[in-house]
Amino acid sequence: MPTENNNAQGTLIDAHNHLQDQRFGDDLADVLASMQDENIVHNIVNGTCEHDWPEVEALHKAHPERISPAFGLHPWKTGARSIEWQEKLRHFLLENPLASIGECGLDLWMRDADIDDQAEVFKIHMQLSREFDRPLTIHCLKAWPQFIGLLDSSPPLPDFLLHSYNGPREHVPSLCRRGAHFSFSGYFLHPRKQQTMLTFRHIPDDRLLIETDAPDMAPPEIFQGNYHRDNYHHPADLPITLTELAKLRGVSIRQCGDVTTQNAARLFRLSGFR
Ligand SMILES: [Zn+2]
C-alpha cells in the first residue's frame, strides 16, 4: 500500500543502495514493485567487491530503466581482493558505459583498518574516475584528514558523491568547490546522529541527494514504515526519510524531492529526468 505522500513528493531516485545483497533474496521483485508504488523510480546500485560485481551488472541488465550500476571495492573488503581486481574493474566499466564507480573510500572506524592499503586501492578508483570520466561514490568514515590529503595531492576528479556524509560541516564549502555531492540517509534520524543531521541544513541545494543504503542503515523505529523488515532496511521507506529532510531544511516535500532527483540525475548522467 503506497504511503500518502507519494503524489506530493514527485519521483525519487535512491542515490545509493545495495539491491544485489543476498538479504533481499526472493523478495527483490516485490521490493522493486513497492519502490515503484512509492514513485522511487531509479536506483544507483553499488557493488562492494569482485564477487558482487556480476550480480550488480545482472540487475542493471534486467532492469535498465530502474537500476544504474556502480562498481568498486568497499574499504571493508579491500583485504580480500584478488591480484586481478583492477583488470576486472576496468572490464566492468568498459562493458557498462552507464556505470559509475563505487562504493570505495577510506574507513578508520572499522577495527584493524589498514589505512595505507585502503588509500592505495582508493587512489586507483580515483584514477579510473578521471580516466573513464565517471562519477565516484565515496564512503569515508573517520578518515577526513586522509581523504582531504588524497584530494590535495591528486589531479581534480569528476563530480563525486560523498554518500551518507558524516564529515565536519566546515569542510562542506571546500568539498563543494572540488565537485562533491552529499547524500542524506535515514540512519541520520537516530538521535545520536543529531550533529550530522544538522550538517544537512547547510548542504547547498544543488549538491543534495537522498539514499537508503539498503539493506543496511535503517532509520530508528519511529521512522520505519510499513515496508520495514526485520532482516533488512526496505528502500521503499525512502519517502519517510525525505519528509524528515524536507522538515529539516524548511522546504516542501515536493521541492526537496525534486532537488534530490535532479541532482542525482545530473551527477549520475541519467537520461529521462528533468
Ligand atoms: Zn553502501
# chains A, B, ... in the order shown; residues from 1 in each chain; ligands from 1
>>> select_by_dssp(residues="region 62-170 of chain A", states="strand (DSSP E or B)", output="list in words")
Ile67, Ser68, Pro69, Ala70, Phe71, Ser100, Ile101, Gly102, Glu103, Cys104, Gly105, Leu106, Asp107, Leu136, Thr137, Ile138, His139, Cys140, Leu141, Phe160, Leu161 and Leu162 of chain A
>>> write_last_selection(atoms="N, CA, C and O atoms", output="tab-separated table (two decimals), in the first residue's frame")
chain	number	residue	atom	x	y	z
A	67	ILE	N	17.69	0.60	-12.72
A	67	ILE	CA	18.94	0.38	-11.98
A	67	ILE	C	20.15	0.81	-12.79
A	67	ILE	O	20.36	0.34	-13.92
A	68	SER	N	20.94	1.73	-12.22
A	68	SER	CA	22.26	2.05	-12.78
A	68	SER	C	23.30	1.38	-11.90
A	68	SER	O	23.23	1.48	-10.67
A	69	PRO	N	24.27	0.72	-12.53
A	69	PRO	CA	25.26	0.00	-11.73
A	69	PRO	C	26.44	0.90	-11.33
A	69	PRO	O	26.77	1.86	-12.03
A	70	ALA	N	27.04	0.56	-10.21
A	70	ALA	CA	28.32	1.16	-9.80
A	70	ALA	C	29.22	0.01	-9.36
A	70	ALA	O	28.75	-0.92	-8.69
A	71	PHE	N	30.48	0.09	-9.76
A	71	PHE	CA	31.41	-0.99	-9.43
A	71	PHE	C	32.59	-0.42	-8.65
A	71	PHE	O	33.19	0.57	-9.07
A	100	SER	N	28.80	3.96	-12.94
A	100	SER	CA	29.69	4.83	-12.19
A	100	SER	C	30.64	3.95	-11.38
A	100	SER	O	30.64	2.71	-11.52
A	101	ILE	N	31.45	4.59	-10.53
A	101	ILE	CA	32.47	3.85	-9.77
A	101	ILE	C	32.17	3.97	-8.27
A	101	ILE	O	32.00	5.07	-7.76
A	102	GLY	N	32.04	2.85	-7.60
A	102	GLY	CA	31.78	2.84	-6.16
A	102	GLY	C	31.15	1.52	-5.74
A	102	GLY	O	30.75	0.73	-6.61
A	103	GLU	N	31.16	1.23	-4.57
A	103	GLU	CA	31.46	2.03	-3.42
A	103	GLU	C	32.92	1.84	-3.06
A	103	GLU	O	33.41	0.72	-2.97
A	104	CYS	N	33.60	2.94	-2.82
A	104	CYS	CA	35.02	2.86	-2.50
A	104	CYS	C	35.33	3.97	-1.48
A	104	CYS	O	34.49	4.83	-1.24
A	105	GLY	N	36.51	3.95	-0.91
A	105	GLY	CA	36.84	5.03	0.01
A	105	GLY	C	37.78	4.64	1.13
A	105	GLY	O	38.61	3.73	0.98
A	106	LEU	N	37.61	5.32	2.25
A	106	LEU	CA	38.51	5.17	3.39
A	106	LEU	C	37.69	5.01	4.67
A	106	LEU	O	36.68	5.70	4.84
A	107	ASP	N	38.15	4.14	5.58
A	107	ASP	CA	37.38	3.87	6.79
A	107	ASP	C	38.31	3.61	7.96
A	107	ASP	O	38.98	2.56	8.00
A	136	LEU	N	32.30	9.15	-8.97
A	136	LEU	CA	32.70	8.22	-7.90
A	136	LEU	C	31.71	8.30	-6.76
A	136	LEU	O	31.28	9.41	-6.40
A	137	THR	N	31.39	7.16	-6.14
A	137	THR	CA	30.64	7.18	-4.88
A	137	THR	C	31.59	6.77	-3.77
A	137	THR	O	32.17	5.68	-3.80
A	138	ILE	N	31.74	7.68	-2.81
A	138	ILE	CA	32.79	7.54	-1.80
A	138	ILE	C	32.20	7.32	-0.41
A	138	ILE	O	31.27	8.02	0.00
A	139	HIS	N	32.79	6.34	0.28
A	139	HIS	CA	32.48	6.05	1.68
A	139	HIS	C	33.67	6.57	2.47
A	139	HIS	O	34.80	6.16	2.23
A	140	CYS	N	33.42	7.47	3.40
A	140	CYS	CA	34.53	7.96	4.23
A	140	CYS	C	34.05	8.02	5.68
A	140	CYS	O	33.09	8.73	5.99
A	141	LEU	N	34.70	7.25	6.54
A	141	LEU	CA	34.34	7.24	7.96
A	141	LEU	C	35.59	7.50	8.78
A	141	LEU	O	36.56	6.74	8.70
A	160	PHE	N	31.66	14.00	-7.68
A	160	PHE	CA	31.58	12.76	-6.90
A	160	PHE	C	30.54	12.88	-5.80
A	160	PHE	O	30.13	13.99	-5.42
A	161	LEU	N	30.15	11.71	-5.28
A	161	LEU	CA	29.17	11.65	-4.19
A	161	LEU	C	29.85	11.18	-2.91
A	161	LEU	O	30.49	10.12	-2.90
A	162	LEU	N	29.69	11.97	-1.84
A	162	LEU	CA	30.07	11.51	-0.51
A	162	LEU	C	28.81	10.93	0.10
A	162	LEU	O	27.94	11.66	0.58
>>> residues_around(residues="Phe188 (chain A)", least_positions_apart="5", cutoff="10 Å", atoms="only C-alpha atoms", output="list in words")
Ser164, Tyr165, Asn166, Lys193, Gln194, Gln195, Thr196, Met197, Leu198, Phe200, Met217, Ala218, Pro219, Pro220, Thr241 and Leu245 of chain A
>>> residues_around(residues="region 47-53 of chain A", least_positions_apart="6", cutoff="10 Å", atoms="only C-alpha atoms", output="PyMOL selection string")
chain A and resi 17-22+59+69-78+80-82+84-86+88-89+92+101-104
>>> residues_around(residues="Gln224 (chain A)", least_positions_apart="4", cutoff="12 Å", atoms="only C-alpha atoms", output="PyMOL selection string")
chain A and resi 3+186-187+189-190+212+217-220+228-230+232-241+244
>>> residues_around(residues="Asp116 (chain A)", least_positions_apart="2", cutoff="12 Å", atoms="only C-alpha atoms", output="list in words")
Pro75, Thr78, Gly79, Gly105, Leu106, Asp107, Leu108, Asp112, Ala113, Asp114, Gln118, Ala119, Glu120, Val121, Phe122, Lys123, Ala143, Gln146, Phe147 and Leu150 of chain A
>>> closest_residue(among="A:Arg207, A:Ile148, A:Ala62, A:His171", to="Leu32 (chain A)", atoms="only C-alpha atoms")
A:Ala62
>>> select_by_dssp(residues="region 15-153 of chain A", states="alpha helix (DSSP H)", output="ChimeraX atom specification")
/A:28-37,53-62,85-95,115-132,144-152
>>> residues_around(residues="His202 (chain A)", least_positions_apart="6", cutoff="12 Å", atoms="only C-alpha atoms", output="CSV table (one decimal) with all heavy atoms, in the first residue's frame")
chain,number,residue,atom,x,y,z
A,168,PRO,N,32.9,16.8,8.9
A,168,PRO,CA,32.7,18.1,9.5
A,168,PRO,C,31.9,19.1,8.6
A,168,PRO,O,32.2,19.1,7.4
A,168,PRO,CB,34.1,18.6,9.8
A,168,PRO,CG,35.0,17.4,9.6
A,168,PRO,CD,34.3,16.5,8.7
A,169,ARG,N,31.1,19.9,9.2
A,169,ARG,CA,30.3,20.8,8.5
A,169,ARG,C,31.2,21.8,7.8
A,169,ARG,O,30.9,22.3,6.6
A,169,ARG,CB,29.3,21.6,9.4
A,169,ARG,CG,28.4,22.5,8.6
A,169,ARG,CD,27.7,23.5,9.5
A,169,ARG,NE,26.9,22.8,10.6
A,169,ARG,CZ,26.3,23.5,11.6
A,169,ARG,NH1,26.3,24.8,11.6
A,169,ARG,NH2,25.6,22.9,12.5
A,170,GLU,N,32.3,22.2,8.5
A,170,GLU,CA,33.2,23.2,7.9
A,170,GLU,C,33.9,22.8,6.6
A,170,GLU,O,34.4,23.6,5.9
A,170,GLU,CB,34.2,23.8,8.9
A,170,GLU,CG,35.0,22.7,9.6
A,170,GLU,CD,34.4,22.1,10.8
A,170,GLU,OE1,33.2,22.2,11.0
A,170,GLU,OE2,35.2,21.6,11.7
A,171,HIS,N,33.9,21.5,6.3
A,171,HIS,CA,34.5,21.0,5.1
A,171,HIS,C,33.6,21.2,3.9
A,171,HIS,O,34.0,21.0,2.7
A,171,HIS,CB,34.9,19.5,5.2
A,171,HIS,CG,36.1,19.2,6.0
A,171,HIS,ND1,36.9,20.2,6.6
A,171,HIS,CD2,36.7,18.0,6.3
A,171,HIS,CE1,37.9,19.6,7.3
A,171,HIS,NE2,37.8,18.3,7.1
A,172,VAL,N,32.3,21.4,4.1
A,172,VAL,CA,31.3,21.4,3.0
A,172,VAL,C,31.7,22.4,1.9
A,172,VAL,O,31.7,22.0,0.7
A,172,VAL,CB,29.9,21.5,3.6
A,172,VAL,CG1,28.9,21.8,2.4
A,172,VAL,CG2,29.5,20.3,4.4
A,173,PRO,N,32.0,23.7,2.2
A,173,PRO,CA,32.2,24.6,1.1
A,173,PRO,C,33.4,24.2,0.2
A,173,PRO,O,33.3,24.2,-1.0
A,173,PRO,CB,32.5,25.9,1.8
A,173,PRO,CG,31.8,25.8,3.1
A,173,PRO,CD,31.9,24.3,3.5
A,176,CYS,N,32.6,21.2,-1.8
A,176,CYS,CA,31.7,21.6,-3.0
A,176,CYS,C,32.5,22.1,-4.1
A,176,CYS,O,32.3,21.8,-5.3
A,176,CYS,CB,30.7,22.7,-2.5
A,176,CYS,SG,29.3,22.0,-1.6
A,182,PHE,N,26.4,15.3,-1.7
A,182,PHE,CA,26.2,14.7,-0.4
A,182,PHE,C,24.9,14.1,-0.3
A,182,PHE,O,23.8,14.7,-0.6
A,182,PHE,CB,26.3,15.9,0.7
A,182,PHE,CG,27.5,16.7,0.6
A,182,PHE,CD1,27.6,17.8,-0.3
A,182,PHE,CD2,28.6,16.5,1.4
A,182,PHE,CE1,28.7,18.6,-0.4
A,182,PHE,CE2,29.7,17.3,1.3
A,182,PHE,CZ,29.8,18.4,0.4
A,184,PHE,N,21.9,12.2,1.9
A,184,PHE,CA,21.3,12.1,3.2
A,184,PHE,C,20.7,10.7,3.4
A,184,PHE,O,20.0,10.2,2.5
A,184,PHE,CB,20.2,13.1,3.4
A,184,PHE,CG,19.6,13.2,4.8
A,184,PHE,CD1,20.2,13.8,5.8
A,184,PHE,CD2,18.3,12.5,5.0
A,184,PHE,CE1,19.6,13.9,7.1
A,184,PHE,CE2,17.8,12.6,6.3
A,184,PHE,CZ,18.4,13.2,7.3
A,195,GLN,N,24.1,15.8,15.1
A,195,GLN,CA,25.1,16.7,14.6
A,195,GLN,C,25.2,16.6,13.0
A,195,GLN,O,25.2,17.5,12.3
A,195,GLN,CB,26.5,16.5,15.1
A,195,GLN,CG,26.7,17.2,16.5
A,195,GLN,CD,26.4,18.7,16.4
A,195,GLN,OE1,25.4,19.1,16.9
A,195,GLN,NE2,27.2,19.5,15.7
A,196,THR,N,25.2,15.3,12.6
A,196,THR,CA,25.2,15.0,11.2
A,196,THR,C,24.0,15.5,10.5
A,196,THR,O,24.0,16.1,9.4
A,196,THR,CB,25.4,13.5,11.0
A,196,THR,OG1,26.5,13.1,11.7
A,196,THR,CG2,25.5,13.1,9.5
A,208,LEU,N,22.6,18.3,-3.0
A,208,LEU,CA,21.9,17.4,-2.1
A,208,LEU,C,21.2,16.2,-2.8
A,208,LEU,O,20.5,16.4,-3.8
A,208,LEU,CB,20.8,18.2,-1.4
A,208,LEU,CG,19.9,17.5,-0.4
A,208,LEU,CD1,20.7,17.2,0.9
A,208,LEU,CD2,18.7,18.4,-0.1
A,245,LEU,N,13.9,15.1,6.0
A,245,LEU,CA,14.9,16.0,5.4
A,245,LEU,C,14.2,17.3,5.0
A,245,LEU,O,14.8,18.4,5.2
A,245,LEU,CB,15.5,15.3,4.2
A,245,LEU,CG,16.6,16.1,3.4
A,245,LEU,CD1,17.8,16.5,4.3
A,245,LEU,CD2,17.1,15.3,2.2
A,248,LEU,N,13.7,19.4,8.0
A,248,LEU,CA,15.0,19.9,8.5
A,248,LEU,C,15.4,21.2,7.7
A,248,LEU,O,16.0,22.1,8.2
A,248,LEU,CB,16.1,18.8,8.3
A,248,LEU,CG,17.5,19.2,8.7
A,248,LEU,CD1,17.7,19.3,10.2
A,248,LEU,CD2,18.5,18.2,8.1
A,249,ARG,N,15.2,21.1,6.4
A,249,ARG,CA,15.6,22.2,5.5
A,249,ARG,C,14.5,23.3,5.3
A,249,ARG,O,14.8,24.3,4.6
A,249,ARG,CB,16.0,21.7,4.1
A,249,ARG,CG,17.3,20.8,4.3
A,249,ARG,CD,17.7,20.1,3.0
A,249,ARG,NE,18.1,21.0,1.9
A,249,ARG,CZ,19.3,21.5,1.7
A,249,ARG,NH1,20.3,21.2,2.5
A,249,ARG,NH2,19.5,22.3,0.7
A,250,GLY,N,13.4,23.1,5.9
A,250,GLY,CA,12.3,24.1,5.9
A,250,GLY,C,11.7,24.3,4.5
A,250,GLY,O,11.4,25.4,4.1
>>> closest_residue(among="A:Ala214, A:Ala265, A:Ser153, A:Leu209", to="Val31 (chain A)", atoms="only C-alpha atoms")
A:Ala214
>>> closest_residue(among="A:Gln262, A:Gln255, A:Ser185, A:Thr199", to="ligand 1", atoms="only C-alpha atoms and all ligand atoms")
A:Ser185
>>> closest_residue(among="A:Asn46, A:Pro145, A:Thr243, A:Ile83", to="ligand 1", atoms="only C-alpha atoms and all ligand atoms")
A:Asn46
>>> closest_residue(among="A:Leu242, A:Ala264, A:Val56, A:Leu12", to="Met35 (chain A)", atoms="only C-alpha atoms")
A:Leu12
>>> closest_residue(among="A:His163, A:Asp26, A:Asp152, A:Leu157", to="ligand 1", atoms="only C-alpha atoms and all ligand atoms")
A:His163
>>> residues_around(residues="Asp159 (chain A)", least_positions_apart="2", cutoff="9 Å", atoms="only C-alpha atoms", output="PDB file with C-alpha atoms, in the first residue's frame")
ATOM      1  CA  ARG A 134      32.735   8.551 -14.427  1.00  0.00           C
ATOM      2  CA  PRO A 135      31.391   9.838 -11.093  1.00  0.00           C
ATOM      3  CA  LEU A 136      32.701   8.222  -7.904  1.00  0.00           C
ATOM      4  CA  LEU A 157      38.144  14.457 -10.006  1.00  0.00           C
ATOM      5  CA  LEU A 161      29.165  11.649  -4.188  1.00  0.00           C
ATOM      6  CA  ARG A 178      36.007  20.154  -5.671  1.00  0.00           C
ATOM      7  CA  GLY A 179      32.775  18.714  -7.074  1.00  0.00           C
ATOM      8  CA  ALA A 180      31.339  16.962  -4.006  1.00  0.00           C
ATOM      9  CA  HIS A 181      27.688  15.998  -3.642  1.00  0.00           C
ATOM     10  CA  LEU A 267      25.548  13.600 -11.187  1.00  0.00           C
TER      11      LEU A 267
END
>>> decode(residues="region 89-101 of chain A", atoms="N, CA and C atoms", output="CSV table (one decimal), in the first residue's frame")
chain,number,residue,atom,x,y,z
A,89,LEU,N,37.8,-4.7,-12.7
A,89,LEU,CA,37.1,-3.4,-12.5
A,89,LEU,C,37.0,-2.7,-13.9
A,90,ARG,N,38.2,-2.6,-14.5
A,90,ARG,CA,38.2,-2.0,-15.9
A,90,ARG,C,37.2,-2.7,-16.8
A,91,HIS,N,37.2,-4.0,-16.8
A,91,HIS,CA,36.4,-4.8,-17.6
A,91,HIS,C,34.9,-4.4,-17.4
A,92,PHE,N,34.5,-4.3,-16.1
A,92,PHE,CA,33.1,-4.0,-15.8
A,92,PHE,C,32.8,-2.5,-16.3
A,93,LEU,N,33.7,-1.6,-16.2
A,93,LEU,CA,33.5,-0.3,-16.6
A,93,LEU,C,33.4,-0.2,-18.1
A,94,LEU,N,34.2,-0.9,-18.8
A,94,LEU,CA,34.2,-0.9,-20.3
A,94,LEU,C,32.9,-1.5,-20.8
A,95,GLU,N,32.5,-2.6,-20.2
A,95,GLU,CA,31.3,-3.3,-20.6
A,95,GLU,C,30.0,-2.6,-20.3
A,96,ASN,N,30.1,-1.7,-19.3
A,96,ASN,CA,28.9,-1.0,-18.8
A,96,ASN,C,29.1,0.6,-18.9
A,97,PRO,N,28.9,1.1,-20.1
A,97,PRO,CA,29.2,2.5,-20.2
A,97,PRO,C,28.4,3.5,-19.3
A,98,LEU,N,27.3,3.0,-18.8
A,98,LEU,CA,26.4,3.8,-17.9
A,98,LEU,C,26.8,3.7,-16.5
A,99,ALA,N,27.8,2.8,-16.2
A,99,ALA,CA,28.2,2.6,-14.8
A,99,ALA,C,29.0,3.7,-14.2
A,100,SER,N,28.8,4.0,-12.9
A,100,SER,CA,29.7,4.8,-12.2
A,100,SER,C,30.6,3.9,-11.4
A,101,ILE,N,31.5,4.6,-10.5
A,101,ILE,CA,32.5,3.8,-9.8
A,101,ILE,C,32.2,4.0,-8.3
